[in-house]
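As provided, model02.pdb (PDB, C-alpha atoms) reads as follows.
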```
ATOM      1  CA  MET A  20      16.696 -20.990 -65.136  1.00  0.00           C
ATOM      2  CA  THR A  21      13.027 -20.045 -64.723  1.00  0.00           C
ATOM      3  CA  ASN A  22      10.750 -21.454 -62.035  1.00  0.00           C
ATOM      4  CA  LYS A  23       8.956 -23.463 -64.707  1.00  0.00           C
ATOM      5  CA  GLU A  24      12.204 -25.009 -65.981  1.00  0.00           C
ATOM      6  CA  ARG A  25      13.438 -25.709 -62.443  1.00  0.00           C
ATOM      7  CA  ILE A  26      10.153 -27.361 -61.460  1.00  0.00           C
ATOM      8  CA  LEU A  27       9.877 -29.465 -64.614  1.00  0.00           C
ATOM      9  CA  GLU A  28      13.475 -30.645 -64.255  1.00  0.00           C
ATOM     10  CA  HIS A  29      12.946 -31.564 -60.618  1.00  0.00           C
ATOM     11  CA  ASN A  30       9.641 -33.278 -61.374  1.00  0.00           C
ATOM     12  CA  LYS A  31      11.180 -35.468 -64.047  1.00  0.00           C
ATOM     13  CA  ALA A  32      13.879 -36.639 -61.604  1.00  0.00           C
ATOM     14  CA  PHE A  33      11.292 -37.059 -58.813  1.00  0.00           C
ATOM     15  CA  VAL A  34       9.126 -39.377 -60.918  1.00  0.00           C
ATOM     16  CA  ALA A  35      12.090 -41.273 -62.397  1.00  0.00           C
ATOM     17  CA  SER A  36      13.484 -42.039 -58.929  1.00  0.00           C
ATOM     18  CA  LYS A  37      10.014 -43.067 -57.678  1.00  0.00           C
ATOM     19  CA  ALA A  38      10.334 -40.593 -54.791  1.00  0.00           C
ATOM     20  CA  TYR A  39       6.536 -40.304 -54.881  1.00  0.00           C
ATOM     21  CA  GLU A  40       6.147 -43.737 -53.293  1.00  0.00           C
ATOM     22  CA  GLN A  41       6.597 -42.336 -49.772  1.00  0.00           C
ATOM     23  CA  TYR A  42       3.595 -40.038 -50.345  1.00  0.00           C
ATOM     24  CA  VAL A  43       1.056 -42.619 -51.502  1.00  0.00           C
ATOM     25  CA  ALA A  44      -2.262 -42.016 -49.725  1.00  0.00           C
ATOM     26  CA  THR A  45      -5.986 -42.420 -50.213  1.00  0.00           C
ATOM     27  CA  VAL A  46      -8.335 -39.601 -51.185  1.00  0.00           C
ATOM     28  CA  GLN A  47     -10.147 -39.766 -47.850  1.00  0.00           C
ATOM     29  CA  PRO A  48      -8.158 -38.289 -44.945  1.00  0.00           C
ATOM     30  CA  ARG A  49      -7.136 -40.933 -42.407  1.00  0.00           C
ATOM     31  CA  ARG A  50      -7.827 -38.624 -39.450  1.00  0.00           C
ATOM     32  CA  LYS A  51     -11.179 -37.449 -40.869  1.00  0.00           C
ATOM     33  CA  LEU A  52      -9.809 -33.918 -40.455  1.00  0.00           C
ATOM     34  CA  ALA A  53      -9.903 -30.782 -42.587  1.00  0.00           C
ATOM     35  CA  ILE A  54      -7.706 -27.804 -41.768  1.00  0.00           C
ATOM     36  CA  LEU A  55      -8.355 -24.268 -42.971  1.00  0.00           C
ATOM     37  CA  SER A  56      -5.100 -22.365 -42.716  1.00  0.00           C
ATOM     38  CA  CYS A  57      -3.346 -19.335 -44.119  1.00  0.00           C
ATOM     39  CA  MET A  58      -1.323 -19.513 -47.318  1.00  0.00           C
ATOM     40  CA  ASP A  59       1.691 -17.917 -45.578  1.00  0.00           C
ATOM     41  CA  THR A  60       4.883 -19.519 -46.900  1.00  0.00           C
ATOM     42  CA  ARG A  61       6.198 -19.980 -43.360  1.00  0.00           C
ATOM     43  CA  LEU A  62       3.454 -22.557 -42.780  1.00  0.00           C
ATOM     44  CA  THR A  63       4.040 -24.707 -45.864  1.00  0.00           C
ATOM     45  CA  GLU A  64       6.104 -27.329 -44.030  1.00  0.00           C
ATOM     46  CA  LEU A  65       5.823 -25.996 -40.465  1.00  0.00           C
ATOM     47  CA  LEU A  66       2.064 -26.494 -40.091  1.00  0.00           C
ATOM     48  CA  PRO A  67       1.956 -30.242 -40.863  1.00  0.00           C
ATOM     49  CA  ALA A  68       5.197 -30.868 -38.962  1.00  0.00           C
ATOM     50  CA  ALA A  69       3.991 -28.996 -35.862  1.00  0.00           C
ATOM     51  CA  LEU A  70       0.685 -30.925 -35.898  1.00  0.00           C
ATOM     52  CA  GLY A  71       2.152 -34.330 -36.712  1.00  0.00           C
ATOM     53  CA  ILE A  72       0.172 -34.409 -39.964  1.00  0.00           C
ATOM     54  CA  LYS A  73       1.485 -36.715 -42.664  1.00  0.00           C
ATOM     55  CA  ASN A  74       0.458 -37.006 -46.291  1.00  0.00           C
ATOM     56  CA  GLY A  75      -3.031 -38.537 -46.372  1.00  0.00           C
ATOM     57  CA  ASP A  76      -3.975 -37.551 -42.794  1.00  0.00           C
ATOM     58  CA  ALA A  77      -5.992 -34.378 -43.481  1.00  0.00           C
ATOM     59  CA  LYS A  78      -7.455 -32.129 -46.134  1.00  0.00           C
ATOM     60  CA  ILE A  79      -5.654 -28.787 -45.962  1.00  0.00           C
ATOM     61  CA  VAL A  80      -7.421 -25.760 -47.443  1.00  0.00           C
ATOM     62  CA  LYS A  81      -5.391 -22.553 -47.622  1.00  0.00           C
ATOM     63  CA  ASN A  82      -6.266 -18.966 -48.358  1.00  0.00           C
ATOM     64  CA  ALA A  83      -5.063 -15.493 -47.426  1.00  0.00           C
ATOM     65  CA  GLY A  84      -5.702 -15.181 -43.695  1.00  0.00           C
ATOM     66  CA  ALA A  85      -7.519 -18.494 -43.123  1.00  0.00           C
ATOM     67  CA  ILE A  86     -10.812 -16.615 -43.330  1.00  0.00           C
ATOM     68  CA  ILE A  87     -14.214 -17.126 -44.897  1.00  0.00           C
ATOM     69  CA  LEU A  88     -15.514 -13.928 -46.492  1.00  0.00           C
ATOM     70  CA  ASP A  89     -18.323 -15.601 -48.427  1.00  0.00           C
ATOM     71  CA  PRO A  90     -20.167 -18.426 -46.655  1.00  0.00           C
ATOM     72  CA  PHE A  91     -21.064 -19.850 -50.075  1.00  0.00           C
ATOM     73  CA  GLY A  92     -17.663 -19.257 -51.688  1.00  0.00           C
ATOM     74  CA  VAL A  93     -14.912 -21.680 -52.651  1.00  0.00           C
ATOM     75  CA  THR A  94     -13.409 -22.085 -49.174  1.00  0.00           C
ATOM     76  CA  MET A  95     -16.673 -23.227 -47.610  1.00  0.00           C
ATOM     77  CA  ARG A  96     -17.357 -25.311 -50.713  1.00  0.00           C
ATOM     78  CA  SER A  97     -14.090 -27.194 -50.131  1.00  0.00           C
ATOM     79  CA  LEU A  98     -14.971 -27.802 -46.484  1.00  0.00           C
ATOM     80  CA  LEU A  99     -18.481 -29.040 -47.342  1.00  0.00           C
ATOM     81  CA  ILE A 100     -17.117 -31.388 -50.014  1.00  0.00           C
ATOM     82  CA  SER A 101     -14.595 -32.655 -47.462  1.00  0.00           C
ATOM     83  CA  VAL A 102     -17.428 -33.422 -45.043  1.00  0.00           C
ATOM     84  CA  TYR A 103     -19.943 -34.940 -47.447  1.00  0.00           C
ATOM     85  CA  MET A 104     -17.694 -36.672 -49.949  1.00  0.00           C
ATOM     86  CA  LEU A 105     -14.455 -37.394 -48.101  1.00  0.00           C
ATOM     87  CA  GLY A 106     -15.532 -38.373 -44.603  1.00  0.00           C
ATOM     88  CA  VAL A 107     -14.256 -35.341 -42.662  1.00  0.00           C
ATOM     89  CA  ARG A 108     -15.758 -35.122 -39.171  1.00  0.00           C
ATOM     90  CA  GLU A 109     -13.573 -32.402 -37.671  1.00  0.00           C
ATOM     91  CA  ILE A 110     -12.490 -28.982 -38.977  1.00  0.00           C
ATOM     92  CA  PHE A 111      -9.639 -26.938 -37.554  1.00  0.00           C
ATOM     93  CA  VAL A 112      -9.273 -23.254 -38.414  1.00  0.00           C
ATOM     94  CA  ILE A 113      -5.652 -22.285 -37.864  1.00  0.00           C
ATOM     95  CA  GLY A 114      -4.694 -18.639 -38.135  1.00  0.00           C
ATOM     96  CA  HIS A 115      -1.253 -17.394 -37.193  1.00  0.00           C
ATOM     97  CA  LYS A 116       0.493 -14.538 -35.463  1.00  0.00           C
ATOM     98  CA  ASP A 117       2.103 -11.855 -37.632  1.00  0.00           C
ATOM     99  CA  CYS A 118      -0.285 -12.519 -40.540  1.00  0.00           C
ATOM    100  CA  GLY A 119       0.092 -10.289 -43.593  1.00  0.00           C
ATOM    101  CA  VAL A 120      -3.691 -10.071 -43.941  1.00  0.00           C
ATOM    102  CA  ARG A 121      -3.958  -8.361 -40.558  1.00  0.00           C
ATOM    103  CA  HIS A 122      -4.782  -4.658 -41.071  1.00  0.00           C
ATOM    104  CA  LEU A 123      -5.064  -5.210 -44.841  1.00  0.00           C
ATOM    105  CA  ASN A 124      -7.492  -2.959 -46.655  1.00  0.00           C
ATOM    106  CA  ALA A 125      -8.744  -2.572 -50.188  1.00  0.00           C
ATOM    107  CA  ALA A 126      -7.406   0.980 -50.581  1.00  0.00           C
ATOM    108  CA  LYS A 127      -3.804  -0.217 -50.123  1.00  0.00           C
ATOM    109  CA  ILE A 128      -4.321  -3.041 -52.610  1.00  0.00           C
ATOM    110  CA  LYS A 129      -5.929  -0.697 -55.148  1.00  0.00           C
ATOM    111  CA  GLU A 130      -2.913   1.615 -54.817  1.00  0.00           C
ATOM    112  CA  LYS A 131      -0.599  -1.319 -55.561  1.00  0.00           C
ATOM    113  CA  MET A 132      -2.759  -2.355 -58.514  1.00  0.00           C
ATOM    114  CA  ILE A 133      -2.408   1.095 -60.055  1.00  0.00           C
ATOM    115  CA  ALA A 134       1.333   1.241 -59.216  1.00  0.00           C
ATOM    116  CA  MET A 135       1.768  -2.055 -61.097  1.00  0.00           C
ATOM    117  CA  GLY A 136       0.060  -0.650 -64.181  1.00  0.00           C
ATOM    118  CA  LEU A 137      -3.582  -1.667 -63.781  1.00  0.00           C
ATOM    119  CA  PRO A 138      -5.716   1.190 -65.138  1.00  0.00           C
ATOM    120  CA  GLN A 139      -8.151   2.801 -62.678  1.00  0.00           C
ATOM    121  CA  GLY A 140     -10.829   2.170 -65.298  1.00  0.00           C
ATOM    122  CA  LYS A 141     -10.594  -1.593 -64.774  1.00  0.00           C
ATOM    123  CA  ILE A 142     -11.034  -1.189 -61.021  1.00  0.00           C
ATOM    124  CA  ASP A 143     -14.014   1.096 -61.645  1.00  0.00           C
ATOM    125  CA  LEU A 144     -15.490  -1.414 -64.108  1.00  0.00           C
ATOM    126  CA  VAL A 145     -15.272  -4.268 -61.611  1.00  0.00           C
ATOM    127  CA  GLU A 146     -16.889  -2.153 -58.896  1.00  0.00           C
ATOM    128  CA  SER A 147     -19.619  -0.921 -61.273  1.00  0.00           C
ATOM    129  CA  CYS A 148     -20.520  -4.590 -61.910  1.00  0.00           C
ATOM    130  CA  GLY A 149     -21.432  -4.954 -58.241  1.00  0.00           C
ATOM    131  CA  ILE A 150     -18.185  -6.463 -56.968  1.00  0.00           C
ATOM    132  CA  ASN A 151     -17.471  -5.099 -53.505  1.00  0.00           C
ATOM    133  CA  LEU A 152     -13.680  -4.766 -53.498  1.00  0.00           C
ATOM    134  CA  GLU A 153     -13.791  -3.291 -49.985  1.00  0.00           C
ATOM    135  CA  GLY A 154     -15.286  -6.551 -48.717  1.00  0.00           C
ATOM    136  CA  CYS A 155     -13.406  -8.852 -51.090  1.00  0.00           C
ATOM    137  CA  LEU A 156      -9.951  -7.467 -50.285  1.00  0.00           C
ATOM    138  CA  LYS A 157     -10.361  -6.755 -46.589  1.00  0.00           C
ATOM    139  CA  GLY A 158      -8.256  -8.228 -43.840  1.00  0.00           C
ATOM    140  CA  PHE A 159      -8.833  -8.362 -40.117  1.00  0.00           C
ATOM    141  CA  GLU A 160      -7.674  -6.527 -37.006  1.00  0.00           C
ATOM    142  CA  GLU A 161      -7.053  -9.296 -34.461  1.00  0.00           C
ATOM    143  CA  THR A 162      -6.058 -12.870 -35.315  1.00  0.00           C
ATOM    144  CA  ASP A 163      -7.913 -14.482 -32.385  1.00  0.00           C
ATOM    145  CA  GLU A 164     -11.103 -12.643 -33.304  1.00  0.00           C
ATOM    146  CA  SER A 165     -10.748 -13.553 -36.984  1.00  0.00           C
ATOM    147  CA  VAL A 166     -10.329 -17.245 -36.144  1.00  0.00           C
ATOM    148  CA  ARG A 167     -13.361 -17.119 -33.827  1.00  0.00           C
ATOM    149  CA  ASP A 168     -15.425 -15.414 -36.567  1.00  0.00           C
ATOM    150  CA  THR A 169     -14.433 -18.040 -39.133  1.00  0.00           C
ATOM    151  CA  VAL A 170     -15.197 -20.889 -36.717  1.00  0.00           C
ATOM    152  CA  SER A 171     -18.608 -19.317 -36.079  1.00  0.00           C
ATOM    153  CA  ILE A 172     -19.366 -19.019 -39.812  1.00  0.00           C
ATOM    154  CA  ILE A 173     -18.526 -22.698 -40.311  1.00  0.00           C
ATOM    155  CA  LYS A 174     -20.447 -23.908 -37.237  1.00  0.00           C
ATOM    156  CA  LYS A 175     -23.566 -21.920 -38.182  1.00  0.00           C
ATOM    157  CA  HIS A 176     -23.484 -22.832 -41.861  1.00  0.00           C
ATOM    158  CA  PRO A 177     -26.909 -24.117 -42.896  1.00  0.00           C
ATOM    159  CA  LEU A 178     -25.400 -26.933 -44.969  1.00  0.00           C
ATOM    160  CA  LEU A 179     -23.011 -28.261 -42.314  1.00  0.00           C
ATOM    161  CA  PRO A 180     -24.470 -31.345 -40.625  1.00  0.00           C
ATOM    162  CA  GLU A 181     -24.672 -31.660 -36.866  1.00  0.00           C
ATOM    163  CA  GLY A 182     -21.846 -33.483 -35.139  1.00  0.00           C
ATOM    164  CA  ILE A 183     -18.961 -31.880 -37.036  1.00  0.00           C
ATOM    165  CA  ASN A 184     -16.444 -30.596 -34.509  1.00  0.00           C
ATOM    166  CA  VAL A 185     -15.097 -27.147 -35.488  1.00  0.00           C
ATOM    167  CA  LEU A 186     -12.179 -25.722 -33.504  1.00  0.00           C
ATOM    168  CA  GLY A 187      -9.992 -22.635 -33.815  1.00  0.00           C
ATOM    169  CA  PHE A 188      -6.280 -22.191 -33.159  1.00  0.00           C
ATOM    170  CA  VAL A 189      -3.571 -19.575 -33.593  1.00  0.00           C
ATOM    171  CA  MET A 190      -0.061 -20.701 -34.519  1.00  0.00           C
ATOM    172  CA  ASP A 191       3.255 -18.991 -33.910  1.00  0.00           C
ATOM    173  CA  PRO A 192       4.863 -19.034 -37.396  1.00  0.00           C
ATOM    174  CA  ASN A 193       8.340 -19.099 -35.862  1.00  0.00           C
ATOM    175  CA  THR A 194       7.992 -21.991 -33.405  1.00  0.00           C
ATOM    176  CA  GLY A 195       4.893 -23.880 -34.596  1.00  0.00           C
ATOM    177  CA  GLU A 196       3.265 -23.592 -31.169  1.00  0.00           C
ATOM    178  CA  ILE A 197      -0.536 -23.526 -31.341  1.00  0.00           C
ATOM    179  CA  GLU A 198      -3.054 -22.187 -28.874  1.00  0.00           C
ATOM    180  CA  GLU A 199      -6.763 -22.882 -28.967  1.00  0.00           C
ATOM    181  CA  VAL A 200      -9.015 -19.823 -29.191  1.00  0.00           C
TER
END
```
As structure tokens - that is how I would like this structure written.
Amino acid sequence: MTNKERILEHNKAFVASKAYEQYVATVQPRRKLAILSCMDTRLTELLPAALGIKNGDAKIVKNAGAIILDPFGVTMRSLLISVYMLGVREIFVIGHKDCGVRHLNAAKIKEKMIAMGLPQGKIDLVESCGINLEGCLKGFEETDESVRDTVSIIKKHPLLPEGINVLGFVMDPNTGEIEEV
């Protein structure tokens, strides 16, 4: 059975049994909180459980490394929409120990692209169009520093209104323990 078939079969049973009723929530987060976190699979259920976050409590934005590479890109866009349209008044940036984005670099990713059959010509074309793959595909060296940098980008953003509390944390992906940075 494919993932698609498995998901569609489960979804049909989920809806038929009205299992969705326990997840009913409003669009605006009850805690007026947005969380930027990593997309690491270990955090899918651990992060909300470790923070006591229930469905409807917070907006959770995920990306590789919980970082903002472009202050006017989609991650910051989501946070700004959360603030202006959904009532968010606090933003947590939560990185985690043992992150796969740590020490990541574009050269390694380009090697994998070619190994998986992507022609070098396509990479060259993208770069010749002005796309900086070195910047786009970079990681970070230290998690604490990365979280602090992301918090700083958010706090200093020219479109973020005053009074929005922005805090940074690092989570242990094994225990769920968080520490403020």
Write out as a PDB file with C-alpha atoms, keeping the file's coordinate frame which residues come within 9 Å of A:Ala77 when counting only C-alpha atoms, dropping same-chain ones fewer than 2 positions away.
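Listed below is the output, part.pdb:
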```
ATOM      1  CA  GLN A  47     -10.147 -39.766 -47.850  1.00  0.00           C
ATOM      2  CA  PRO A  48      -8.158 -38.289 -44.945  1.00  0.00           C
ATOM      3  CA  ARG A  49      -7.136 -40.933 -42.407  1.00  0.00           C
ATOM      4  CA  ARG A  50      -7.827 -38.624 -39.450  1.00  0.00           C
ATOM      5  CA  LYS A  51     -11.179 -37.449 -40.869  1.00  0.00           C
ATOM      6  CA  LEU A  52      -9.809 -33.918 -40.455  1.00  0.00           C
ATOM      7  CA  ALA A  53      -9.903 -30.782 -42.587  1.00  0.00           C
ATOM      8  CA  ILE A  54      -7.706 -27.804 -41.768  1.00  0.00           C
ATOM      9  CA  ILE A  72       0.172 -34.409 -39.964  1.00  0.00           C
ATOM     10  CA  LYS A  73       1.485 -36.715 -42.664  1.00  0.00           C
ATOM     11  CA  ASN A  74       0.458 -37.006 -46.291  1.00  0.00           C
ATOM     12  CA  GLY A  75      -3.031 -38.537 -46.372  1.00  0.00           C
ATOM     13  CA  ILE A  79      -5.654 -28.787 -45.962  1.00  0.00           C
ATOM     14  CA  VAL A 107     -14.256 -35.341 -42.662  1.00  0.00           C
TER      15      VAL A 107
END
```
Picked residues, the PyMOL selection byres ((chain A and resi 191) around 10), as a short mmCIF file (atom, residue, chain, number, x, y, z; two decimals) with C-alpha atoms, in the coordinates of the input:
```
data_model
loop_
_atom_site.label_atom_id
_atom_site.label_comp_id
_atom_site.auth_asym_id
_atom_site.auth_seq_id
_atom_site.Cartn_x
_atom_site.Cartn_y
_atom_site.Cartn_z
CA ARG A 61 6.20 -19.98 -43.36
CA LEU A 62 3.45 -22.56 -42.78
CA LEU A 65 5.82 -26.00 -40.47
CA LEU A 66 2.06 -26.49 -40.09
CA GLY A 114 -4.69 -18.64 -38.14
CA HIS A 115 -1.25 -17.39 -37.19
CA LYS A 116 0.49 -14.54 -35.46
CA ASP A 117 2.10 -11.86 -37.63
CA CYS A 118 -0.28 -12.52 -40.54
CA VAL A 189 -3.57 -19.58 -33.59
CA MET A 190 -0.06 -20.70 -34.52
CA PRO A 192 4.86 -19.03 -37.40
CA ASN A 193 8.34 -19.10 -35.86
CA THR A 194 7.99 -21.99 -33.40
CA GLY A 195 4.89 -23.88 -34.60
CA GLU A 196 3.26 -23.59 -31.17
CA ILE A 197 -0.54 -23.53 -31.34
CA GLU A 198 -3.05 -22.19 -28.87
#
```
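Among A:Gly149, A:Gly136, A:Gly119, A:Gly187, the residue with the shortest atom-to-atom distance to A:Ala83, counting all atoms listed in the file, is A:Gly119.
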*asked:* Here's the selection I'm unsure about, the PyMOL selection byres ((chain A and resi 160-176) around 7); applied to the file above, which residues does it give, as a ChimeraX atom specification?
replied: /A:86-87,90,112,114-116,121-122,159,177-179,185-187,189,200
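Distances here use only C-alpha atoms; by that measure, the residue among A:Glu199, A:Asp89, A:Glu40, A:Glu24 closest to A:Cys155 is A:Asp89.
Put simply, atom CA of A:Asp76 is 21.2 Å away from atom CA of A:Lys37.
The spacing separating atom CA of A:Thr21 from atom CA of A:Pro67 amounts to 28.2 Å.
Among the candidate residues A:Ala125, A:Phe91, A:Thr63, A:Asn184, the one lying nearest to A:Asn151 is A:Ala125, with distances computed using only C-alpha atoms.
Atom pair atom CA of A:Gly158 / atom CA of A:Asn124: separated by 6.0 Å.
Residues in contact with A:Lys127 at up to 12 Å, not including ones fewer than 3 positions away on its chain and judged by only C-alpha atoms, are A:Val120, A:His122, A:Leu123, A:Asn124, A:Glu130, A:Lys131, A:Met132, A:Ile133, A:Ala134, A:Leu152, A:Glu153, A:Leu156, A:Lys157, A:Gly158.
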*Compare A:Lys129, A:Val80, A:Arg25, A:Ala32 by their minimum atom-to-atom distance to A:Glu146, counting only C-alpha atoms, and give me the closest one.*
A:Lys129
